[in-house]
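Here's the structure, in structure tokens; my notes come after.
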4 protein chains.
Amino acid sequence: MQHFDNDYMEGAHPLILERLMATNMDKTVGYGCDEICASAREKIRQACGAPDAEVHFLVGGTQTNATVIRALLRPHEGVIAADTGHVALHEAGAIEAGGHKVLTIPHQNGKLSAEAIDHYIESFRNDEAWDHMVWPGMVYISQPTEYGTIYSLSELEAIAAVCRKWQIPLFADGARLGYGLAAEGADFTLKDLARLCDVFYIGGTKVGAMFGEAVVVPRAGLIPHFFTIIKQQGALLAKGRMLGIQFDTLFTNELYLKIARHAVEQATRLREALVAKGFQSYYNSPTNQVFMVLSEEQLESLRRCTTFSEWEHLEDGRTVIRLATSWATRAEDIDELIAAI
Amino acid sequence: MQHFDNDYMEGAHPLILERLMATNMDKTVGYGCDEICASAREKIRQACGAPDAEVHFLVGGTQTNATVIRALLRPHEGVIAADTGHVALHEAGAIEAGGHKVLTIPHQNGKLSAEAIDHYIESFRNDEAWDHMVWPGMVYISQPTEYGTIYSLSELEAIAAVCRKWQIPLFADGARLGYGLAAEGADFTLKDLARLCDVFYIGGTKVGAMFGEAVVVPRAGLIPHFFTIIKQQGALLAKGRMLGIQFDTLFTNELYLKIARHAVEQATRLREALVAKGFQSYYNSPTNQVFMVLSEEQLESLRRCTTFSEWEHLEDGRTVIRLATSWATRAEDIDELIAAI
Amino acid sequence: MQHFDNDYMEGAHPLILERLMATNMDKTVGYGCDEICASAREKIRQACGAPDAEVHFLVGGTQTNATVIRALLRPHEGVIAADTGHVALHEAGAIEAGGHKVLTIPHQNGKLSAEAIDHYIESFRNDEAWDHMVWPGMVYISQPTEYGTIYSLSELEAIAAVCRKWQIPLFADGARLGYGLAAEGADFTLKDLARLCDVFYIGGTKVGAMFGEAVVVPRAGLIPHFFTIIKQQGALLAKGRMLGIQFDTLFTNELYLKIARHAVEQATRLREALVAKGFQSYYNSPTNQVFMVLSEEQLESLRRCTTFSEWEHLEDGRTVIRLATSWATRAEDIDELIAAI
Amino acid sequence: MQHFDNDYMEGAHPLILERLMATNMDKTVGYGCDEICASAREKIRQACGAPDAEVHFLVGGTQTNATVIRALLRPHEGVIAADTGHVALHEAGAIEAGGHKVLTIPHQNGKLSAEAIDHYIESFRNDEAWDHMVWPGMVYISQPTEYGTIYSLSELEAIAAVCRKWQIPLFADGARLGYGLAAEGADFTLKDLARLCDVFYIGGTKVGAMFGEAVVVPRAGLIPHFFTIIKQQGALLAKGRMLGIQFDTLFTNELYLKIARHAVEQATRLREALVAKGFQSYYNSPTNQVFMVLSEEQLESLRRCTTFSEWEHLEDGRTVIRLATSWATRAEDIDELIAAI
């Protein structure tokens with residue numbers, strides 16, 4: 001029996017554990033003010049080509065989204081997101097609990113298009129009643145998206161241009177960023193994100209860490225007192241060093257990218273094998289998530305070999321499922337699953 | 001030049017002004033604890049056939065929606081509404097500012113159907129990830145709707161049954177309730193609302209009052225300490241008597257219904273005349289709002305005779321407009337407008 | 001039997017009612033965009049010597065405090081107030097419901113001193129843990145205070161200087177502003193408030209209006225999109241004209257000041273008479289509120305002649321009470337009460 | 001040079017690290033639904049003598065306080081706390097960000113007394129204006145307190161009785177609970193807390209874990225849908241197993257108590273040595289925190305041997321400092337510090 005439910009089933013990359021062991025009894029100040037965090041920040045700044053960037057370490061994705069969005073918006077503003085965006089659907093109303101509306105636009109392959117964003121804001125500004133409505137105050141995208149797809153560099157540039165046109169910040173949720181960077185056909189880099197986004201984060205939880213997300217604010221000072229806002233949101237880890245250790249390790253010798261590439265390769269093998277066996281691909285994700293649409297029969301047969309997530313129940317009775325690989329997926333697991341189907 | 005922009009262009013019904021004059025120098029305690037408020041409450045209870053109902057007077061509609069919804073929901077819950085619902089679109093994010101998501105369902109003629117609500121909740125409960133999502137905690141409907149349409153008694157009963165099935169409260173926004181009760185074909189009464197809703201309000205601002213909405217909680221005690229929550233929301237009028245006077249007057253000799261009937265009659269005359277002149281009706285509203293869809297030419301010609309609201313710009317270049325009558329509309333105004341077109 | 005419970009027991013000044021009658025069937029656009037509101041705004045700007053000021057009309061005091069404070073503060077900030085401040089005690093947690101802490105400082109005669117504010121902020125900045133604490137983001141004062149006392153011009157200047165020193169806005173709650181301006185010994189004017197405050201409001205509810213508070217933002221643009229924030233807070237009156245009429249009337253021929261002076265005179269007569277009869281004054285308020293401290297016996301005897309508010313129960317068994325006059329108090333009422341005691 | 005700044009300077013207890021290593025590549029479902037979490041919950045239930053208790057694992061203290069308080073209170077309610085309470089001072093306004101006021105009562109040795117709570121609520125209920133004020137909706141205590149003191153069993157029972165009298169829940173912040181349980185003279189147990197509190201938590205971050213707080217709800221069902229509220233607050237760890245592993249280890253063979261006892265012993269040694277050297281104790285804490293009040297001279301001399309926290313600057317020029325031991329403090333560290341002073 002295999003398990004491909006999601007990409008956070010295992011612990012942390014062995015190199016991280018090793019470092020945790022090695023430093024365990026060291027004494028450092030709390031809240032991320034220690035030297036290992038400083039080192040991790042510096043490595044991230046270099047990887048992003050953003051020498052002046054602020055880097056903050058938070059614990060999880062929903063927390064990070066809620067904290068950043070609340071920190072960026074004024075009371076009358078909302079955040080534009082795809083209707084499939086994590087903030088729109090699967091954060092239990094965390095954004096609204098912070099006082100802000102999620103302004104959804106129908107997705108295309110899990111993505112927002114620059115045109116759709118521009119049209120949304122333009123319509124809003126032309127609406128006779130605009131000042132009785134929630135002002136679109138920022139744009140949220142996920143890279144890669146919740147459907148495993150990725151924005152190309154030109155798509156990112158177009159979205160950033162729309163944001164600049166309307167003078168609102170662009171925020172990218174990178175909970176699975178590594179798998180996007182490592183995807184076949186990906187033509188964007190961390191440097192591009194740092195150039196185009198006002199805030200983005202590099203997901204650790206799903207890409208090698210035990211937990212942790214590194215928020216990058218390329219132009220420092222954009223969010224005054226962000227540290228205190230993080231504290232207010234309950235997102236400040238007392239033993240902040242634990243986050244520094246993880247990101248310092250992930251950003252040493254390109255470990256982050258290397259382990260992401262491995263996960264994407266295993267996903268590709270799995271996708272191709274499933275298609276070869278007659279299963280139908282749903283979203284053509286080039287990252288670590290494999291979406292298939294299955295008949296009731298196929299569903300039952302697959303359930304005998306592995307666990308996975310049921311994503312959507314289609315009108316025609318079929319079910320969209322997701323299998324996720326991760327940095328920890330062994331090639332043998334894929335072999336065995338393919339053999340078993 | 002006529003003005004049919006909306007139904008809150010004039011002051012208050014003359015009988016209300018008269019009573020304000022007559023009582024002006026009386027001294028009463030504040031916050032609605034005076035005898036005139038008590039009298040108004042009693043008249044509303046009788047009109048609703050709900051002898052035990054709580055009645056609270058608030059100032060305006062957005063305020064009332066925000067206060068009631070915040071009072072009814074727990075933190076993880078949201079409110080189901082039509083995507084055209086006032087709370088979803090035109091309250092500048094007041095519901096989200098209170099911490100709650102508006103869970104929208106596509107409207108049908110401005111309405112929610114019992115089936116759609118049931119399906120929404122059932123899908124939610126069947127979703128693998130339901131406990132990471134906003135719990136549907138109540139249903140919001142507008143009677144009449146933002147498009148001037150009304151729910152029939154059987155539609156209301158079906159919605160109330162769905163709410164009881166899932167054990168969530170039903171809340172009806174009655175900002176224009178009088179015009180719904182007075183509509184041709186309306187087969188529901190205040191007593192029905194009191195029987196079927198957990199909370200609803202009787203709009204004064206748009207139906208004869210200078211301002212004011214009367215919130216009815218048919219089964220008293222549903223919202224403990226609602227008074228303090230109203231205060232917290234900034235919705236408690238110091239000189240509460242002013243609200244009592246208005247509703248006491250409106251609920252004496254059925255004034256509320258009589259003036260609403262007048263407005264609906266004028267709207268009907270206007271609608272029929274416009275259709276006779278070749279304009280196309282958009283939503284077939286039986287209440288005081290007249291929606292028409294106009295070509296650019298028609299728009300320009302109508303602009304010469306009257307002011308109105310532009311509601312929506314259709315893809316085909318035409319514009320949906322709204323003309324609203326009110327208790328204050330004079331038959332002569334309609335005559336003149338018809339003559340002028 | 002007399003009634004001096006508070007200063008909002010009667011309706012509106014007769015000149016306001018007259019004007020409401022005269023304009024009642026006029027049709028105007030909603031939300032304060034009409035010409036009467038424009039005229040009222042202009043008169044207030046002139047009275048304040050602030051030709052560029054923004055003026056917004058809201059309905060009540062708690063609502064205004066909550067809206068202004070929420071609009072001014074960022075998430076990690078709180079508002080400094082006296083521990084007797086209305087926002088700290090009697091608004092049912094409206095400021096906290098908006099997400100912000102009220103940072104209280106012990107009052108002196110109902111007032112904050114510039115020194116105490118400066119010391120508070122300085123201590124905060126020197127605290128090792130300041131970035132784990134709520135940042136003092138603005139100062140709230142009431143003029144006159146909840147105990148009827150007033151800030152002198154030099155006290156206001158000192159507080160404003162502290163605010164400028166620390167670069168935070170100064171907000172004055174003027175729910176009873178007229179009675180402060182009219183107080184004997186008051187040496188500040190509306191022009192001073194406009195010069196020294198970043199936001200303040202001119203209370204109507206307690207000074208001649210049926211309801212309404214006029215928020216003045218002397219330097220326009222301080223709060224972008226304040227209109228939408230007012231809407232979000234449920235504080236935007238649909239028939240905004242009603243507010244314009246009231247303030248336009250109050251600011252014609254100095255009506256606002258004249259009626260306030262009358263109330264203060266009656267309060268002075270009452271205070272002096274009570275002291276002459278052996279009652280003990282508590283706070284030496286020069287405005288329309290009369291605070292006395294009464295033994296149980298005195299309390300019972302006074303209860304036979306008039307109603308009033310019980311403010312505080314002292315440890316020694318005595319009770320602090322408040323009698324309030326208003327623009328509507330008749331000289332004969334005071335005569336009768338004095339005779340009756 | 002020694003470091004006694006706080007009790008979260010080191011990593012995790014070696015047995016926890018060992019177990020993290022041993023299970024690292026196991027695959028489990030997320031969000032705390034795995035079997036190790038189930039085991040940890042069961043052990044905590046047993047330690048608490050509360051077979052039906054709900055146990056939830058969160059990441060940090062501020063987060064836990066904010067989540068529990070928001071989950072327990074209705075909108076108009078606030079939380080009673082000592083003015084030195086962590087929620088009142090050092091959580092950057094997290095409680096207010098959730099919409100609720102912290103109702104502070106002056107502390108006595110860092111503690112709230114049952115009498116003071118009872119008096120506060122009674123005064124509130126007797127206040128003429130109570131329904132314009134924040135309703136005291138729960139009581140928050142810290143055990144041990146922020147000043148290292150502990151509530152005795154009889155004090156806890158008295159507070160619980162007051163809470164039952166007024167029908168409001170009692171919530172105990174146990175961020176340092178182990179050090180309280182292990183303190184000399186402590187006469188309360190986990191079973192007592194489970195009997196007397198409605199919610200409390202067992203702090204891991206400061207007592208052996210890398211991070212994590214175990215929230216115990218002794219009477220299950222008190223907070224419906226608490227899981228979703230935790231998610232909304234951003235407090236749900238994706239790799240929930242990590243929390244299960246830590247608490248399962250801490251609650252095996254009484255590790256939690258054993259390591260806490262060690263820390264308290266070291267603190268006692270340190271305190272006694274400092275007093276013997278002429279330093280003055282400030283709060284007589286029997287737990288792991290050592291508060292001393294130092295002259296400027298003493299401060300300088302101590303700074304040469306160790307780091308610590310500066311807590312308060314007294315009017316007389318002296319400074320209150322805190323030295324904290326932890327499960328990780330070595331007896332040799334204490335020896336060396338004592339020798340160095």
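Just remember, in the structure tokens the first chain shown is A, the second B, etc., residues are 1-based per chain, and ligands are 1-based in the order shown.
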
Task: Nearby residues (only C-alpha atoms) at most 6 Å from His100 of chain C, same-chain spacing under 2 positions excluded, as a VMD selection string - done: (chain C and resid 78 95 to 96 98) or (chain D and resid 96)

Can I get the selected residues back with all heavy atoms, as a CSV table (one decimal), in the first residue's frame?
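What landed in selection-v9.csv:
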chain,number,residue,atom,x,y,z
C,78,GLY,N,-2.6,50.8,18.8
C,78,GLY,CA,-3.7,51.0,19.7
C,78,GLY,C,-3.9,52.5,19.8
C,78,GLY,O,-3.1,53.3,19.4
C,95,ILE,N,-14.1,49.6,20.0
C,95,ILE,CA,-12.8,49.8,19.5
C,95,ILE,C,-12.1,48.4,19.3
C,95,ILE,O,-11.5,48.1,18.3
C,95,ILE,CB,-12.0,50.7,20.4
C,95,ILE,CG1,-12.8,52.0,20.6
C,95,ILE,CG2,-10.6,51.0,19.8
C,95,ILE,CD1,-13.3,52.7,19.4
C,96,GLU,N,-12.3,47.5,20.3
C,96,GLU,CA,-11.7,46.2,20.2
C,96,GLU,C,-12.4,45.4,19.1
C,96,GLU,O,-11.7,44.6,18.5
C,96,GLU,CB,-11.8,45.5,21.6
C,96,GLU,CG,-10.9,46.1,22.7
C,96,GLU,CD,-11.6,47.3,23.3
C,96,GLU,OE1,-12.7,47.7,23.0
C,96,GLU,OE2,-10.9,48.0,24.2
C,98,GLY,N,-13.2,46.4,16.5
C,98,GLY,CA,-12.5,46.9,15.3
C,98,GLY,C,-11.1,46.4,15.2
C,98,GLY,O,-10.4,46.7,14.3
D,96,GLU,N,-7.3,41.7,21.1
D,96,GLU,CA,-8.1,42.7,20.5
D,96,GLU,C,-8.2,42.5,19.0
D,96,GLU,O,-9.3,42.8,18.4
D,96,GLU,CB,-7.5,44.1,20.8
D,96,GLU,CG,-7.6,44.5,22.3
D,96,GLU,CD,-6.5,43.9,23.2
D,96,GLU,OE1,-5.6,43.2,22.6
D,96,GLU,OE2,-6.5,44.0,24.4

Per residue of chain C within 8 Å of chain D, which atom pair is closest and at what distance in Å (one decimal), using only C-alpha atoms, listed by chain and increasing number, as CSV?
residue,atom,partner,partner_atom,distance
C:Pro75,CA,D:Ala97,CA,7.5
C:His76,CA,D:Ala92,CA,6.6
C:Leu89,CA,D:Met133,CA,6.2
C:His90,CA,D:Met133,CA,5.2
C:Glu91,CA,D:His132,CA,5.8
C:Ala92,CA,D:Met133,CA,4.0
C:Gly93,CA,D:Val134,CA,5.5
C:Glu96,CA,D:Glu96,CA,5.0
C:Ala97,CA,D:Gly99,CA,4.0
C:Gly98,CA,D:Gly99,CA,6.3
C:Gly99,CA,D:Ala97,CA,4.0
C:His100,CA,D:Glu96,CA,5.4
C:Lys101,CA,D:Glu96,CA,5.6
C:Glu128,CA,D:Glu310,CA,7.0
C:Ala129,CA,D:His90,CA,7.5
C:Asp131,CA,D:Ala92,CA,7.5
C:His132,CA,D:Ala92,CA,4.9
C:Met133,CA,D:Ala92,CA,4.0
C:Val134,CA,D:Ala92,CA,4.6
C:Trp135,CA,D:Ala92,CA,7.8
C:Glu310,CA,D:Glu128,CA,6.9
C:Trp311,CA,D:Glu128,CA,7.7

Open item on the list: Which residue is closest to Tyr151 of chain C? Choose from C:Gln266, C:Thr28, C:Thr64, C:Ser285 and count only C-alpha atoms.
Closed with: C:Ser285

- [ ] Any chance you could list, as a list in words, the residues in segment 148-278 of chain D that come up strand (DSSP E) when DSSP is run on the backbone?
- [x]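 Output for segment 148-278 of chain D, strand (DSSP E) only: Leu170, Phe171, Ala172, Asp173, Val199, Phe200, Tyr201, Ile202, Gly203, Glu213, Ala214, Val215, Val216 and Val217 of chain D.
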
- [ ] Could you give me, as a PyMOL selection string, each residue of segment 123-156 of chain A that DSSP assigns to helix (DSSP H, G or I) when run on this structure's backbone?
- [x] chain A and resi 123-126+130-132+153-156

Open item on the list: Can you pull out the residues contacting Leu15 of chain D? Cut-off 12 Å, using only C-alpha atoms, and skip same-chain residues under 4 positions away; I want them as a PyMOL selection string.
Closed with: (chain A and resi 21+24) or (chain D and resi 11+19-22+208-210+245-253+255-256+259)

Open item on the list: For a test of reading the model, state the distance in Å between atom CA of Phe227 of chain C and atom CA of Val68 of chain C, rounded to one decimal.
Closed with: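 Going from atom CA of Phe227 of chain C over to atom CA of Val68 of chain C, I get 11.0 Å.
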
- [ ] Between B:Glu213, B:Tyr120, B:Leu196, B:Ile105, single out the one closest to Gly244 of chain B, counting only C-alpha atoms.
- [x]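 Closest candidate: B:Glu213.
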
Open item on the list: Excluding Phe308 of chain B and its own-chain neighbours fewer than 2 positions away, which residues fall within 7 Å of it when counting only C-alpha atoms? Please give them as an MDAnalysis selection string.
Closed with: chainID B and resid 3:5 306 310 321:323

TODO: Name the residues in contact with segment 43-55 of chain B at a cut-off of 10 Å, using only C-alpha atoms, excluding same-chain residues fewer than 5 positions from it; report them as an MDAnalysis selection string.
DONE: chainID B and resid 37:38 189:195 199:202 214:223 226 247:252 254

TODO: Measure the distance from atom CA of Ala81 of chain C to atom CA of Val162 of chain C in Å and round it to one decimal.
DONE: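 Interatomic distance, atom CA of Ala81 of chain C to atom CA of Val162 of chain C: 14.0 Å.
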
- [ ] Measure the distance from atom CA of Tyr31 of chain A to atom CA of Asn284 of chain D in Å and round it to one decimal.
- [x] 27.8 Å

Task: Leu314 of chain D environment, 9 Å, only C-alpha atoms, sequence neighbours closer than 5 positions dropped, as a list in words - done: Val293, Thr319 and Val320 of chain D

Kindly export the residues of the current selection with N, CA and C atoms, as a compact mmCIF listing (two decimals), in the first residue's frame.
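After the write, part-v6.txt holds the following:
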# COMPACT_ATOMS: atom_id res chain seq x y z
N VAL D 293 15.92 42.41 42.21
CA VAL D 293 15.93 43.85 41.97
C VAL D 293 17.34 44.36 42.26
N THR D 319 16.53 48.23 38.96
CA THR D 319 15.96 47.50 37.84
C THR D 319 15.56 46.09 38.28
N VAL D 320 14.37 45.70 37.90
CA VAL D 320 13.96 44.32 38.15
C VAL D 320 14.45 43.48 36.98

Find the residues near Thr62 of chain A: any atom within 10 Å, counting only C-alpha atoms, skip ones fewer than 4 places away on the same chain, and give them as a PDB file with N, CA, C and O atoms, in the first residue's frame.
ATOM      1  N   ALA A  66      -2.671  34.924   5.961  1.00  0.00           N
ATOM      2  CA  ALA A  66      -3.494  35.815   6.782  1.00  0.00           C
ATOM      3  C   ALA A  66      -2.678  36.991   7.300  1.00  0.00           C
ATOM      4  O   ALA A  66      -3.148  38.135   7.314  1.00  0.00           O
ATOM      5  N   THR A  67      -1.438  36.724   7.705  1.00  0.00           N
ATOM      6  CA  THR A  67      -0.603  37.784   8.277  1.00  0.00           C
ATOM      7  C   THR A  67      -0.200  38.806   7.226  1.00  0.00           C
ATOM      8  O   THR A  67      -0.288  40.013   7.437  1.00  0.00           O
ATOM      9  N   HIS A  86      -6.108  29.230  -2.459  1.00  0.00           N
ATOM     10  CA  HIS A  86      -6.145  28.645  -1.112  1.00  0.00           C
ATOM     11  C   HIS A  86      -6.825  29.600  -0.138  1.00  0.00           C
ATOM     12  O   HIS A  86      -7.628  29.185   0.699  1.00  0.00           O
ATOM     13  N   VAL A  87      -6.542  30.887  -0.268  1.00  0.00           N
ATOM     14  CA  VAL A  87      -7.159  31.877   0.628  1.00  0.00           C
ATOM     15  C   VAL A  87      -8.661  31.964   0.435  1.00  0.00           C
ATOM     16  O   VAL A  87      -9.393  32.390   1.332  1.00  0.00           O
ATOM     17  N   HIS A  90      -9.729  27.202   1.314  1.00  0.00           N
ATOM     18  CA  HIS A  90      -9.288  26.201   2.281  1.00  0.00           C
ATOM     19  C   HIS A  90      -8.560  26.758   3.489  1.00  0.00           C
ATOM     20  O   HIS A  90      -7.699  26.105   4.066  1.00  0.00           O
ATOM     21  N   GLU A  91      -8.897  27.990   3.842  1.00  0.00           N
ATOM     22  CA  GLU A  91      -8.268  28.552   5.033  1.00  0.00           C
ATOM     23  C   GLU A  91      -9.305  28.896   6.087  1.00  0.00           C
ATOM     24  O   GLU A  91      -9.078  29.722   6.975  1.00  0.00           O
ATOM     25  N   ALA A  92     -10.468  28.260   5.991  1.00  0.00           N
ATOM     26  CA  ALA A  92     -11.487  28.380   7.033  1.00  0.00           C
ATOM     27  C   ALA A  92     -11.879  29.832   7.336  1.00  0.00           C
ATOM     28  O   ALA A  92     -12.274  30.152   8.443  1.00  0.00           O
ATOM     29  N   GLY A  93     -11.731  30.684   6.306  1.00  0.00           N
ATOM     30  CA  GLY A  93     -12.137  32.076   6.509  1.00  0.00           C
ATOM     31  C   GLY A  93     -11.106  32.909   7.241  1.00  0.00           C
ATOM     32  O   GLY A  93     -11.443  33.930   7.839  1.00  0.00           O
ATOM     33  N   ALA A  94      -9.843  32.515   7.159  1.00  0.00           N
ATOM     34  CA  ALA A  94      -8.799  33.253   7.889  1.00  0.00           C
ATOM     35  C   ALA A  94      -8.680  34.698   7.408  1.00  0.00           C
ATOM     36  O   ALA A  94      -8.404  35.598   8.197  1.00  0.00           O
ATOM     37  N   ILE A  95      -8.872  34.924   6.131  1.00  0.00           N
ATOM     38  CA  ILE A  95      -8.722  36.284   5.595  1.00  0.00           C
ATOM     39  C   ILE A  95      -9.890  37.154   6.083  1.00  0.00           C
ATOM     40  O   ILE A  95      -9.702  38.292   6.515  1.00  0.00           O
ATOM     41  N   ASP A 173       1.894  33.360  -3.094  1.00  0.00           N
ATOM     42  CA  ASP A 173       1.912  32.254  -2.140  1.00  0.00           C
ATOM     43  C   ASP A 173       2.784  31.156  -2.742  1.00  0.00           C
ATOM     44  O   ASP A 173       2.416  30.540  -3.748  1.00  0.00           O
ATOM     45  N   ALA A 175       3.794  28.263  -1.244  1.00  0.00           N
ATOM     46  CA  ALA A 175       3.806  27.102  -0.349  1.00  0.00           C
ATOM     47  C   ALA A 175       4.515  25.921  -1.008  1.00  0.00           C
ATOM     48  O   ALA A 175       5.169  25.128  -0.335  1.00  0.00           O
TER      49      ALA A 175
ATOM     50  N   LYS D 231      -7.792  26.136  12.630  1.00  0.00           N
ATOM     51  CA  LYS D 231      -7.325  26.321  11.250  1.00  0.00           C
ATOM     52  C   LYS D 231      -7.448  27.789  10.850  1.00  0.00           C
ATOM     53  O   LYS D 231      -6.528  28.373  10.270  1.00  0.00           O
ATOM     54  N   GLN D 232      -8.585  28.395  11.133  1.00  0.00           N
ATOM     55  CA  GLN D 232      -8.810  29.789  10.763  1.00  0.00           C
ATOM     56  C   GLN D 232      -7.759  30.710  11.369  1.00  0.00           C
ATOM     57  O   GLN D 232      -7.341  31.687  10.765  1.00  0.00           O
ATOM     58  N   GLN D 233      -7.358  30.384  12.568  1.00  0.00           N
ATOM     59  CA  GLN D 233      -6.374  31.214  13.275  1.00  0.00           C
ATOM     60  C   GLN D 233      -4.944  30.958  12.764  1.00  0.00           C
ATOM     61  O   GLN D 233      -4.005  31.594  13.242  1.00  0.00           O
ATOM     62  N   GLY D 234      -4.816  30.071  11.803  1.00  0.00           N
ATOM     63  CA  GLY D 234      -3.471  29.774  11.297  1.00  0.00           C
ATOM     64  C   GLY D 234      -2.655  28.963  12.278  1.00  0.00           C
ATOM     65  O   GLY D 234      -1.425  28.964  12.241  1.00  0.00           O
ATOM     66  N   ALA D 235      -3.350  28.245  13.166  1.00  0.00           N
ATOM     67  CA  ALA D 235      -2.673  27.559  14.260  1.00  0.00           C
ATOM     68  C   ALA D 235      -2.656  26.042  14.090  1.00  0.00           C
ATOM     69  O   ALA D 235      -2.281  25.324  15.015  1.00  0.00           O
ATOM     70  N   LEU D 236      -3.026  25.572  12.905  1.00  0.00           N
ATOM     71  CA  LEU D 236      -3.077  24.132  12.662  1.00  0.00           C
ATOM     72  C   LEU D 236      -1.827  23.708  11.909  1.00  0.00           C
ATOM     73  O   LEU D 236      -1.619  24.104  10.761  1.00  0.00           O
ATOM     74  N   LEU D 237      -0.991  22.912  12.548  1.00  0.00           N
ATOM     75  CA  LEU D 237       0.258  22.508  11.910  1.00  0.00           C
ATOM     76  C   LEU D 237      -0.022  21.425  10.861  1.00  0.00           C
ATOM     77  O   LEU D 237      -0.663  20.419  11.171  1.00  0.00           O
ATOM     78  N   ALA D 238       0.472  21.623   9.642  1.00  0.00           N
ATOM     79  CA  ALA D 238       0.254  20.631   8.587  1.00  0.00           C
ATOM     80  C   ALA D 238       0.818  19.276   9.025  1.00  0.00           C
ATOM     81  O   ALA D 238       0.129  18.270   9.042  1.00  0.00           O
TER      82      ALA D 238
END
